[in-house]
Every structure is written in structure tokens, then in C-alpha cells.
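Here is the structure we will look at.
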Amino acid sequence: MNDLSQADVWRRQLGYLPVPLFGVAKERSYVMLNGGKGNFCLDVNEGNEDPSVAAQHAWSADVDHYLSVRGDNLSLLRWDQPAMAWAERYKMSEVASRLDVFQRYIESKQAPRERSVVSRAVAVYRAVRARGRENGDRDAMLAFMAVLNAAWAQQDRKSSLDNHWPEAAEAASAAQSLLSSVGIDMVTEQLLRPDLTNLKPPSIPLMIRHASGRIFQEAHYLALAPIQTDLFYDGQVKVSSPASKALGAFFTPTPLVRTLAEQTLNRVNLNTRRIHVFDPACGSGEFLREAVRQLALRGYKGQIQITGYDISAPACLMARFGLAAEAAMFSGSLDIRIEHRDALDSTPWLKGVDVCLMNPPFVSWVDMSSSQRETVSQVLDKTHSKRPDMASAFVRLAVTSLSPSAVLGAVLPASFLDGSSSTPLREVLLEETTVELSARLGNQAVFSDVTVDPALLVLKRHAPHPPIEPTLLVWADHASGSSDQALRALRRHEVPRLPLCLEDHRNFSIYSIPSLTSAKDWAPRPYASAHVMSLMSGSLVVGDRFSVQQGAITGLNAAFLLDDGDYRALPKSEQKFFRPSVVNDSIRNGQIIPGMWVFYPYGENVPTIASETDLKKMLPVYFERKLSPYRDALIQRARITELNWWRLSEHRKWQVARRPKIISTYFGMAGSFALDRVGDLVVVQGYGWQPKREGITEQHLMTIVATLNAPIANTLLAGVSNNLSGGQWNLSKRFVERMPLIDAQKLPDSLIEPLSHIGEQMAKGESWDTVALDHLARKALGLDIKRN
């Protein structure tokens with residue numbers, strides 16, 4: 001039976017990350033981090049059990065439950081429940097035998113967020129900022145921190161922030177100026193007001209230790225956002241418009257911070273007298289604080305030097321305060337330097353860094369200012385390609401800051417791992433570093449305040465004689481909870497020293513491969529797909545036989561796309577300017593669903609429209625009903641003028657001539673491919689595959705379409721493409737060109753005939769045997785069915 005009094009059991013069995021509750025030596029109370037929900041306090045101390053204190057500690061640490069283990073007895077309490085007695089009691093044997101069920105149970109029983117300690121602290125900051133709106137955001141932030149410091153001092157007279165916090169005196173002065181002594185007492189009393197249920201005030205040391213990241217996230221948002229005084233209550237402020245996201249910086253969720261810090265520090269040599277930890281976009285300092293905590297947990301006795309940069313002045317204030325709180329509880333030597341600066345201001349970064357942890361700004365090329373683009377181009381220099389994200393510049397500079405054998409851990413846009421813009425940079429990085437960990441977290445809701453596809457990357461700078469170590473890959477799909485499951489599973493394992501599969505599930509995979517040596521693709525894939533791709537290494541791929549082309553871009557579908565009814569309502573003389581079109585809903589289970597038409601005035605048999613006068617003359621009905629109402633909007637399109645405003649934004653010349661082609665949707669999976677036998681269809685939302693060589697017959701094309709719609713195609717797509725919400729795959733040229741493909745011209749008739757027959761059944765909308773199709777497709781691909 002598992003001994004649930006051991007925090008490591010929870011880690012090994014469920015992937016919880018134990019963090020000491022108070023951060024003291026030989027502590028036996030922990031905050032057990034699970035992910036976005038299901039976090040709890042674990043208390044394995046002997047002695048009296050006080051449920052009200054337990055509720056206070058769970059509330060203050062911003063977790064839902066407190067679990068006390070005494071011998072064979074487990075007591076569970078949610079902090080918002082009456083704490084006169086423990087709400088639930090279990091025997092250890094009951095829970096140990098069904099640990100996963102217990103985990104799901106506490107995940108489902110969340111405490112109300114509106115009464116959380118974070119909500120309490122943010123309400124206090126709102127009140128302080130309401131008083132400080134005329135004196136500036138800096139004074140309001142400092143005054144808020146002074147209130148936190150005063151509350152801390154009331155509860156803990158043994159430790160003090162003042163000796164570690166450079167703004168302590170300035171903060172006290174700001175609080176006095178904004179609030180006065182009476183106001184400070186009133187706001188502090190508001191912060192320390194007992195909870196209505198457990199009748200205990202929040203523990204400020206615990207709140208700052210475990211919840212300050214979320215508190216400062218909300219405070220930072222309010223500090224940057226335009227505000228107005230509440231109409232009915234002058235003691236609060238409310239946001240009058242969204243805070244600017246132009247900086248591209250977003251709060252890193254605590255589980256992500258701790259997982260990345262842990263994975264990075266797992267690869268750091270701790271047998272040194274000094275470790276320098278650096279974050280060039282430190283925000284409120286969560287990565288830096290976590291590094292200090294984890295180094296302490298690992299028993300590191302040397303000096304820790306902390307350096308952070310951030311472009312936001314409020315963030316720098318928060319980082320200094322949070323690190324001062326860390327220093328007040330830290331027994332070792334800690335040197336803290338937080339600089340308010342733009343990390344991309346051309347000033348050289350420091351050198352000789354041992355650990356770099358960062359979540360750099362995610363700013364796309366199109367969202368950058370001209371000066372930012374120039375700076376990014378200069379930083380990337382020869383590795384600049386196409387339209388890089390700003391995060392790439394941070395990676396380039398961070399690696400140059402590392403000393404030999406030093407490690408970089410970064411949260412990055414997932415496109416960094418396989419995007420063509422980052423390929424030259426990945427090539428240089430392979431010359432200077434080893435890819436220790438690459439993780440792709442498919443859930444775009446990982447960051448609560450932005451929709452983004454995140455990745456984790458750990459790089460180790462080459463030493464003079466670097467050992468060859470495997471690369472650890474972590475893949476999670478789009479489903480809610482998959483990323484949390486993957487990160488929990490990752491915590492269950494040590495750093496692998498050999499290529500092997502650690503975990504393989506439907507929603508996530510964790511495995512190691514020989515050290516990455518190619519810059520083409522660092523993106524993790526499902527293990528099953530990676531395995532099949534390795535078996536098919538060197539096989540024929542789509543790009544060998546087909547030119548994959550993107551479909552037309554209308555610029556405004558409402559003006560240029562007609563359904564079947566609108567098309568039939570046009571005069572015959574106008575219908576010749578239209579061709580049947582393919583949009584994302586036009587292909588289902590390998591069958592083309594007709595019914596959409598696109599205005600396509602291109603080709604030898606289509607009269608030339610040279611002017612608006614010609615347009616009105618040749619298409620009077622279409623002009624009046626569809627084009628004219630959208631004229632102003634159509635003129636606003638890029639590369640369009642008043643002289644040609646009725647044209648498609650991109651008609652794609654390859655579609656003008658009618659030639660047989662395979663077509664696909666823009667996003668999809670097996671079933672999203674079909675055959676355009678004549679070539680009359682104009683792809684609008686999707687792609688067209690044009691054969692590159694002669695001799696590919698209609699039967700060959702139909703055979704290929706059948707295999708593309710077999711279940712094995714999903715495995716192959718997963719091996720080259722990225723999943724999207726809804727479980728579909730990106731079918732863009734840069735992905736599918738690398739997908740293994742059957743060589744239809746070399747297949748025997750025993751495969752060609754049944755596969756093409758199933759393809760014909762698909763095209764007609766008839767039913768077919770999926771199992772038989774998959775069997776045939778695997779055989780045509782040369783895969784050993786028994787092993788796959």
C-alpha cells in the first residue's frame with residue numbers, strides 16, 4: 001500500500017509537485033500542485049489537528065483543500081466549509097487503493113474564486129489605487145506593497161522584508177501620502193478581515209509565498225489599464241477599457257513556472273559555489289522566485305545571484321518585493337538585482353549566466369512597430385528569416401549570455417519549434433546548444449488572458465566536450481486538461497539517459513529520442529506517430545509527387561461566394577464567370593459536397609473585365625446584388641485599387657487551367673481529401689495537390705485519396721502537422737509535403753483495385769469498410785500491421 005504521508009508518493013503516482021508550505025527546514029507540510037485545479041495542502045505532522053487553522057492555511061495558499069494525514073487516518077476540509085470539525089475522514093487504505101478517483105474528486109470540488117485570498121488582495125489594491133489615481137501608478141503600487149508589509153509585520157515579527165526590499169522606505173512614504181496613518185490602518189484591516197466561514201484572517205506570509213503571482217498579475221493588469229472611479233463607491237476603481245497587450249507579455253501559470261524551473265534545474269550542475277539565475281523578461285519575478293525555492297529544496301548551499309530585466313516599471317516593483325519576501329525566508333546568500341529596462345534596447349546583456357528562465361514577449365511580426373522590427377532583425381542578424389516572433393530575439397540573446405554547460409528554460413510560441421521563420425535560428429542553436437527538452441502544449445487556454453499555442457524549450461550550452469544526451473519530447477493535444485496531465489506525468493519521471501517511451505496516452509505522450517541534430521522540426525508528436533514516422537524514414541513523401549498549393553483568397557467571401565440558389569438565380573450570361581468552389585465544408589468523408597460557387601473571371605474562355613463599366617455591362621445582376629453593396633470594403637483590401645476592386649485578392653494562377661487534382665480542406669483529418677477529376681473546382685478554403693509527373697492516372701489518384709482517408713492517415717498527419725481545437729490537423733503545404741505517401745504507380749493490382757474501388761465509394765457517398773481500408777492502406781504504405 002502507498003504511504004500517503006510521503007509527499008513523494010503523490011508525486012510518483014499522480015505527478016503532484018510538492019512545495020513546502022512555509023519554506024522552513026525539515027518541513028512536513030506542503031502545497032501539492034496539480035495544475036489549474038485540484039491543488040491542496042498536505043499536512044503530515046504529528047500533533048493536534050485544528051480544522052480552522054487548516055482552512056486558514058489552504059485559503060491563504062490559494063488552494064481549495066487541506067488534507068491532514070495522521071497514521072492511517074486522512075482528514076479532508078475545503079477552506080470555505082465550516083471549520084468547527086473536519087468535513088470528511090477516510091482510511092489511508094481506502095484512498096491509496098483509488099488514488100486517481102480521489103484526485104478527480106478534489107478536482108471537482110472547487111472553492112468559490114470570488115472569495116479567494118487573491119480576490120481579497122486585489123480588492124485592497126483597487127481601493128489603494130483609487131486613492132492614488134492622481135499621484136501616479138508607482139505610488140499606488142508602492143502603497144499597496146507597504147500595506148502587505150505592514151500586515152506581514154503584524155503577523156510575523158521574527159522576519160522582516162525591510163532589510164531585503166530596496167523600496168521599503170519609499171513605499172512607506174507613498175502609503176503615508178496616499179492613505180495617511182488612518183487609511184493605512186483601515187486598508188490593512190480590510191486585508192486582514194477574517195473569512196466569514198473559517199473566522200481566521202489570511203496568513204500574509206503564506207499568501208505572498210503561494211498566491212502573490214496571481215495577485216500581482218491582477219494588480220499589473222489594473223496598473224496598466226485605463227480606470228475610472230466606481231460611480232457608487234469612491235473606495236474602488238474599475239477598468240474602463242482593456243489593458244494594452246502590445247507588450248506581448250502574459251502571466252505564466254504557476255504550474256508551468258514550477259515545471260519549467262524544475263526541468264531546467266534538473267540539468268544544472270549544483271556543485272558550484274555560485275549560481276547566477278537570469279530572467280530578461282521577469283515580470284513579477286515568478287521564475288526567479290521559483291528558482292530560489294527549488295535550489296533551496298535541493299539543498300544548495302552556495303551563493304545565488306538573481307538578475308531580472310523588465311520593460312514594465314510596476315512589474316519591476318513587484319519582482320523586487322516578491323524576491324525580498326523570498327530573501328526574508330531564505331537561509332542562504334541571495335544577491336538580487338532587478339533592472340527596469342527594455343531587454344531589446346541594444347544594451348548588451350550580462351554574460352556568464354548559469355540558469356536563464358524566461359517567458360519572453362509573444363509579439364508577432366505584424367504586431368511589432370517598425371522600430372521593434374528593426375531591433376529584432378539586428379539581433380537575429382543572419383538568422384533573420386521571413387517574419388519572426390519577438391521571442392526569437394530573446395532566445396538568440398539568452399543563449400549568448402549562457403556560460404558553458406549553462407541551461408536555458410523558456411516558454412515560447414509553439415511555432416518556434418517548427419516554423420520556417422525560426423529554422424535558421426534553430427540551425428545556429430544546434431551548433432551552440434543541445435536540445436534537452438521540447439514540449440508542445442496543445443491547449444490554447446494554458447494562459448488565462450490570451451489564446452496562444454505555447455511550448456516549453458530547455459537548451460544546454462555546449463561545454464568543451466559535451467556528452468551526447470537524448471532529447472525529451474512532451475506532446476499534449478488540444479483537449480482541456482491534456483496539458484495538465486502531461487506536465488503531471490512529466491514530474492513522475494527522472495531525466496532519461498537513453499531513448500525510450502515514458503508515457504503514451506491518447507491525449508499526451510512523453511518520450512526521449514537520440515539528441516536532435518536537425519533544425520527542420522523540433523515539435524513533439526504523438527509517440528505512435530513518431531514511431532511510425534521513424535519506420536517510414538526515407539519513404540516517398542507528398543512533396544515528391546505533388547505540388548501542394550494554397551487555394552484562392554477572395555478577401556471577402558460574402559461578396560464573391562454564392563450558394564447554389566443565388567448562382568441559379570443569375571442569368572446564363574453571368575453564370576460563365578463563376579466556377580464551383582471548395583470551402584472547408586465541401587469535403588465530407590472523401591466526398592465532394594457541391595453547392596458553392598465563386599466569382600472567377602479568369603481563363604481563356606472567360607471574357608476580360610477591363611473596367612467597372614465592363615463589369616456593370618457583363619454582370620448587371622451580380623453587380624447590383626452582391627458587388628456594389630461591398631464596394632467600399634473591397635477597395636480597402638491590400639494590393640487592390642479602385643481600378644480593379646472587383647477582383648479576388650489572390651486568384652492563384654495554378655487554378656486557371658482545368659487539370660485533375662487532389663483537394664483538401666484547410667484544416668481536417670482522414671476524410672478531408674477528395675479527387676477533382678476534371679479540375680473544374682476552384683479551391684477557396686483549402687489546398688490543391690497537382691501531380692508533378694506524367695503517367696499518374698485517375699485510378700492512381702483515387703487510390704491515393706482512399707489511403708489519405710484511411711485511419712492510418714491520422715497517425716501520419718499527427719507525425720508532421722499540429723493539432724487544432726476540435727481535433728483537426730493543419731493541412732498546410734509546409735506540413736503535408738513531409739507526410740509519407742504511397743507510390744501508387746508501383747503498387748500491384750491486388751492493392752490498386754480494392755483501394756481505388758473504396759475511393760469510388762467515397763466519391764459517391766456510399767459506405768465502405770473502414771477496417772478493410774486501413775488494412776489495405778497500411779499494406780500499401782509498407783507498414784507491419786502487427787507492430788502498428
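Chain lettering (A, B, ...) mirrors the order of the C-alpha cells, residue numbering begins at 1 for each chain separately, and ligand numbering begins at 1 in order of display.
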Dump as a tab-separated table the rows for residues of stretch 53-116 of chain A within 10 Å of stretch 18-28 of chain A: closest atom pair and distance in Å with one decimal, only C-alpha atoms counted, ordered by chain and rising residue number.
```
residue	atom	partner	partner_atom	distance
A:His57	CA	A:Leu21	CA	8.7
A:Ala58	CA	A:Leu21	CA	9.6
A:Ala61	CA	A:Leu21	CA	8.0
```
May I have the residues from that selection written out with N, CA and C atoms, as a PDB file, in the first residue's frame?
```
ATOM      1  N   HIS A  57      -4.906  28.096   6.354  1.00  0.00           N
ATOM      2  CA  HIS A  57      -3.698  27.861   5.569  1.00  0.00           C
ATOM      3  C   HIS A  57      -4.028  27.558   4.107  1.00  0.00           C
ATOM      4  N   ALA A  58      -5.052  26.744   3.868  1.00  0.00           N
ATOM      5  CA  ALA A  58      -5.428  26.431   2.483  1.00  0.00           C
ATOM      6  C   ALA A  58      -5.905  27.679   1.755  1.00  0.00           C
ATOM      7  N   ALA A  61      -2.944  30.002   1.027  1.00  0.00           N
ATOM      8  CA  ALA A  61      -2.050  29.482  -0.016  1.00  0.00           C
ATOM      9  C   ALA A  61      -2.746  29.396  -1.371  1.00  0.00           C
TER      10      ALA A  61
END
```
Stretch 570-788 of chain A: residues DSSP assigns to helix (DSSP H, G or I), reported as a ChimeraX atom specification:
/A:572-575,612-618,620-635,653-655,698-708,712-718,733-736,744-746,749-764,770-781,785-787
From A:Val277, A:Ala296, A:Met318, A:Ala324, residue lying nearest A:Ala398 [only C-alpha atoms]
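Going through A:Val277, A:Ala296, A:Met318, A:Ala324 one by one, the smallest distance to A:Ala398 is for A:Val277.
If only C-alpha atoms are the atoms counted, then among A:Asp3, A:Glu218, A:Asp64, A:Asp367 the closest residue to A:Val95 is A:Asp3.
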Within 12 Å of stretch 439-442 of chain A, which residues of stretch 235-324 of chain A show up? Give each one with its shortest atom-to-atom distance in Å (one decimal) and the two atoms involved, counting only C-alpha atoms, rows by chain then rising residue number, as a Markdown table.
```
| residue | atom | partner | partner_atom | distance |
| --- | --- | --- | --- | --- |
| A:Leu256 | CA | A:Leu441 | CA | 10.5 |
| A:Thr259 | CA | A:Ala439 | CA | 11.3 |
| A:Leu260 | CA | A:Ala439 | CA | 10.1 |
| A:Gln263 | CA | A:Ala439 | CA | 11.2 |
```
For stretch 347-356 of chain A, find every residue with an atom within 6 Å (counting only C-alpha atoms), except residues of its own chain fewer than 4 positions away, and show them as a compact mmCIF listing (two decimals) with N, CA and C atoms, in the first residue's frame.
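Result file is out_24.txt:
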```
# COMPACT_ATOMS: atom_id res chain seq x y z
N ILE A 275 25.66 30.31 -8.23
CA ILE A 275 24.78 30.09 -9.37
C ILE A 275 24.08 31.41 -9.70
N HIS A 276 24.22 31.81 -10.95
CA HIS A 276 23.61 33.06 -11.41
C HIS A 276 22.35 32.73 -12.21
N VAL A 277 21.20 33.19 -11.72
CA VAL A 277 19.90 32.95 -12.37
C VAL A 277 19.43 34.26 -13.00
N PHE A 278 19.00 34.18 -14.25
CA PHE A 278 18.68 35.38 -15.03
C PHE A 278 17.35 35.21 -15.73
N ASP A 279 16.54 36.29 -15.74
CA ASP A 279 15.29 36.33 -16.49
C ASP A 279 15.21 37.68 -17.17
N SER A 401 24.23 34.70 -23.55
CA SER A 401 24.50 35.05 -22.15
C SER A 401 24.96 33.86 -21.33
N LEU A 402 24.72 32.64 -21.82
CA LEU A 402 25.00 31.45 -21.04
C LEU A 402 26.49 31.13 -21.01
N SER A 403 26.94 30.67 -19.88
CA SER A 403 28.30 30.14 -19.78
C SER A 403 28.28 28.69 -20.26
N ALA A 406 25.75 25.85 -19.15
CA ALA A 406 24.60 26.53 -18.56
C ALA A 406 23.32 26.14 -19.31
N VAL A 407 22.17 26.42 -18.69
CA VAL A 407 20.90 25.93 -19.22
C VAL A 407 19.90 27.07 -19.37
N LEU A 408 19.17 27.02 -20.48
CA LEU A 408 18.08 27.97 -20.75
C LEU A 408 16.76 27.21 -20.74
```
Could you list, as a VMD selection string, every residue within 12 Å of A:Glu374, counting only C-alpha atoms and ignoring same-chain residues fewer than 4 positions away?
chain A and resid 344 to 346 365 368 to 370 378 to 381 384 387 to 388 390 393
Considering only C-alpha atoms, return as a list in words whatever protein or nucleic-acid residues lie within 10 Å of A:Ala558, sequence-local ones (same chain, fewer than 5 positions apart) excluded.
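Near neighbours after the sequence-gap exclusion: Lys626, Leu627 and Tyr630 of chain A.
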Neighbouring residues of A:Leu76 were defined as those with any atom within 12 Å, considering only C-alpha atoms; residues of the same chain fewer than 3 positions away were excluded. Please report them as a ChimeraX atom specification.
/A:40-43,49-51,54-55,58,64-70,73,79,81,83,85-92,95,102,105-106,109
Just the selected residues (C-alpha atoms), exported as a short mmCIF file (atom, residue, chain, number, x, y, z; two decimals), in the first residue's frame, please.
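Result went into selection_6.cif, see below:
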```
data_model
loop_
_atom_site.label_atom_id
_atom_site.label_comp_id
_atom_site.auth_asym_id
_atom_site.auth_seq_id
_atom_site.Cartn_x
_atom_site.Cartn_y
_atom_site.Cartn_z
CA PHE A 40 -4.29 21.10 -1.95
CA CYS A 41 -2.28 21.38 1.26
CA LEU A 42 -0.80 18.14 2.59
CA ASP A 43 -0.01 18.05 6.32
CA GLU A 49 -5.42 18.91 14.39
CA ASP A 50 -7.13 22.30 14.25
CA PRO A 51 -9.51 22.42 11.27
CA ALA A 54 -6.10 24.17 8.28
CA ALA A 55 -8.81 26.14 6.46
CA ALA A 58 -5.43 26.43 2.48
CA ASP A 64 -9.01 24.53 -2.32
CA HIS A 65 -8.40 21.73 0.20
CA TYR A 66 -6.35 20.81 3.24
CA LEU A 67 -5.50 17.12 3.73
CA SER A 68 -4.22 16.02 7.11
CA VAL A 69 -2.57 12.60 7.45
CA ARG A 70 -2.26 11.11 10.94
CA ASN A 73 -6.41 8.45 9.14
CA TRP A 79 -11.46 26.10 3.20
CA GLN A 81 -16.67 24.89 4.63
CA ALA A 83 -14.20 24.55 10.13
CA ALA A 85 -14.69 19.97 12.58
CA TRP A 86 -13.13 18.10 9.68
CA ALA A 87 -15.68 17.71 6.90
CA GLU A 88 -14.54 14.32 5.63
CA ARG A 89 -12.49 11.47 7.09
CA TYR A 90 -11.06 8.42 5.34
CA LYS A 91 -8.78 5.47 5.99
CA MET A 92 -5.47 5.60 4.16
CA VAL A 95 -7.71 6.42 -0.61
CA PHE A 102 -9.62 10.75 -5.01
CA TYR A 105 -12.97 14.10 -6.57
CA ILE A 106 -10.99 17.02 -5.17
CA LYS A 109 -14.89 20.29 -5.55
#
```
Do you know which residues are at most 9 Å from stretch 498-514 of chain A counting only C-alpha atoms, after dropping those on the same chain fewer than 5 positions away, and could you put them as a PyMOL selection string?
chain A and resi 437+439+468-479+482-483+485-486+489-490+493+524-528
Could you write those residues out with N, CA and C atoms, as an mmCIF file, in the first residue's frame?
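Written file, again07.cif:
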```cif
data_model
loop_
_atom_site.group_PDB
_atom_site.id
_atom_site.type_symbol
_atom_site.label_atom_id
_atom_site.label_comp_id
_atom_site.auth_asym_id
_atom_site.auth_seq_id
_atom_site.Cartn_x
_atom_site.Cartn_y
_atom_site.Cartn_z
ATOM 1 N N LEU A 437 14.962 19.455 -23.780
ATOM 2 C CA LEU A 437 13.520 19.229 -23.642
ATOM 3 C C LEU A 437 12.778 20.093 -24.637
ATOM 4 N N ALA A 439 8.623 20.675 -25.494
ATOM 5 C CA ALA A 439 7.248 20.326 -25.123
ATOM 6 C C ALA A 439 6.282 21.211 -25.895
ATOM 7 N N ILE A 468 26.738 13.294 -25.176
ATOM 8 C CA ILE A 468 25.583 13.184 -26.069
ATOM 9 C C ILE A 468 24.415 12.632 -25.267
ATOM 10 N N GLU A 469 23.411 13.477 -25.044
ATOM 11 C CA GLU A 469 22.266 13.097 -24.236
ATOM 12 C C GLU A 469 21.002 13.107 -25.091
ATOM 13 N N PRO A 470 20.016 12.286 -24.756
ATOM 14 C CA PRO A 470 18.782 12.270 -25.547
ATOM 15 C C PRO A 470 17.966 13.538 -25.338
ATOM 16 N N THR A 471 17.073 13.778 -26.264
ATOM 17 C CA THR A 471 16.139 14.896 -26.163
ATOM 18 C C THR A 471 14.809 14.357 -25.654
ATOM 19 N N LEU A 472 14.267 14.987 -24.630
ATOM 20 C CA LEU A 472 12.986 14.592 -24.069
ATOM 21 C C LEU A 472 11.882 15.375 -24.768
ATOM 22 N N LEU A 473 10.881 14.668 -25.270
ATOM 23 C CA LEU A 473 9.779 15.289 -26.002
ATOM 24 C C LEU A 473 8.471 15.079 -25.245
ATOM 25 N N VAL A 474 7.685 16.145 -25.157
ATOM 26 C CA VAL A 474 6.381 16.098 -24.483
ATOM 27 C C VAL A 474 5.351 16.670 -25.446
ATOM 28 N N TRP A 475 4.342 15.870 -25.754
ATOM 29 C CA TRP A 475 3.262 16.308 -26.646
ATOM 30 C C TRP A 475 1.934 16.186 -25.920
ATOM 31 N N ALA A 476 1.099 17.228 -26.025
ATOM 32 C CA ALA A 476 -0.268 17.193 -25.492
ATOM 33 C C ALA A 476 -1.208 17.732 -26.547
ATOM 34 N N ASP A 477 -2.392 17.154 -26.643
ATOM 35 C CA ASP A 477 -3.329 17.599 -27.669
ATOM 36 C C ASP A 477 -4.129 18.801 -27.193
ATOM 37 N N HIS A 478 -5.141 19.155 -27.966
ATOM 38 C CA HIS A 478 -5.918 20.368 -27.744
ATOM 39 C C HIS A 478 -6.917 20.252 -26.599
ATOM 40 N N ALA A 479 -7.239 19.036 -26.160
ATOM 41 C CA ALA A 479 -8.333 18.846 -25.206
ATOM 42 C C ALA A 479 -8.037 19.502 -23.868
ATOM 43 N N SER A 482 -5.431 18.166 -21.026
ATOM 44 C CA SER A 482 -4.340 17.345 -21.553
ATOM 45 C C SER A 482 -2.973 17.893 -21.162
ATOM 46 N N SER A 483 -2.819 19.208 -21.226
ATOM 47 C CA SER A 483 -1.529 19.808 -20.874
ATOM 48 C C SER A 483 -1.216 19.588 -19.398
ATOM 49 N N GLN A 485 -2.292 17.111 -17.562
ATOM 50 C CA GLN A 485 -1.958 15.699 -17.413
ATOM 51 C C GLN A 485 -0.522 15.429 -17.846
ATOM 52 N N ALA A 486 -0.121 16.028 -18.962
ATOM 53 C CA ALA A 486 1.233 15.808 -19.466
ATOM 54 C C ALA A 486 2.286 16.349 -18.501
ATOM 55 N N ALA A 489 2.499 14.097 -15.496
ATOM 56 C CA ALA A 489 3.213 12.872 -15.839
ATOM 57 C C ALA A 489 4.715 13.131 -15.948
ATOM 58 N N LEU A 490 5.070 14.285 -16.478
ATOM 59 C CA LEU A 490 6.483 14.629 -16.615
ATOM 60 C C LEU A 490 7.182 14.654 -15.264
ATOM 61 N N HIS A 493 8.843 11.407 -13.605
ATOM 62 C CA HIS A 493 9.990 10.732 -14.189
ATOM 63 C C HIS A 493 11.286 11.517 -13.991
ATOM 64 N N PRO A 524 7.321 18.214 -30.830
ATOM 65 C CA PRO A 524 6.971 16.840 -30.441
ATOM 66 C C PRO A 524 5.688 16.392 -31.145
ATOM 67 N N ARG A 525 5.604 15.103 -31.379
ATOM 68 C CA ARG A 525 4.427 14.496 -31.989
ATOM 69 C C ARG A 525 3.947 13.367 -31.085
ATOM 70 N N PRO A 526 2.725 12.890 -31.271
ATOM 71 C CA PRO A 526 2.296 11.712 -30.507
ATOM 72 C C PRO A 526 3.288 10.571 -30.706
ATOM 73 N N TYR A 527 3.539 9.809 -29.660
ATOM 74 C CA TYR A 527 4.566 8.773 -29.739
ATOM 75 C C TYR A 527 4.265 7.766 -30.843
ATOM 76 N N ALA A 528 3.003 7.372 -30.969
ATOM 77 C CA ALA A 528 2.647 6.396 -32.005
ATOM 78 C C ALA A 528 3.002 6.923 -33.390
#
```
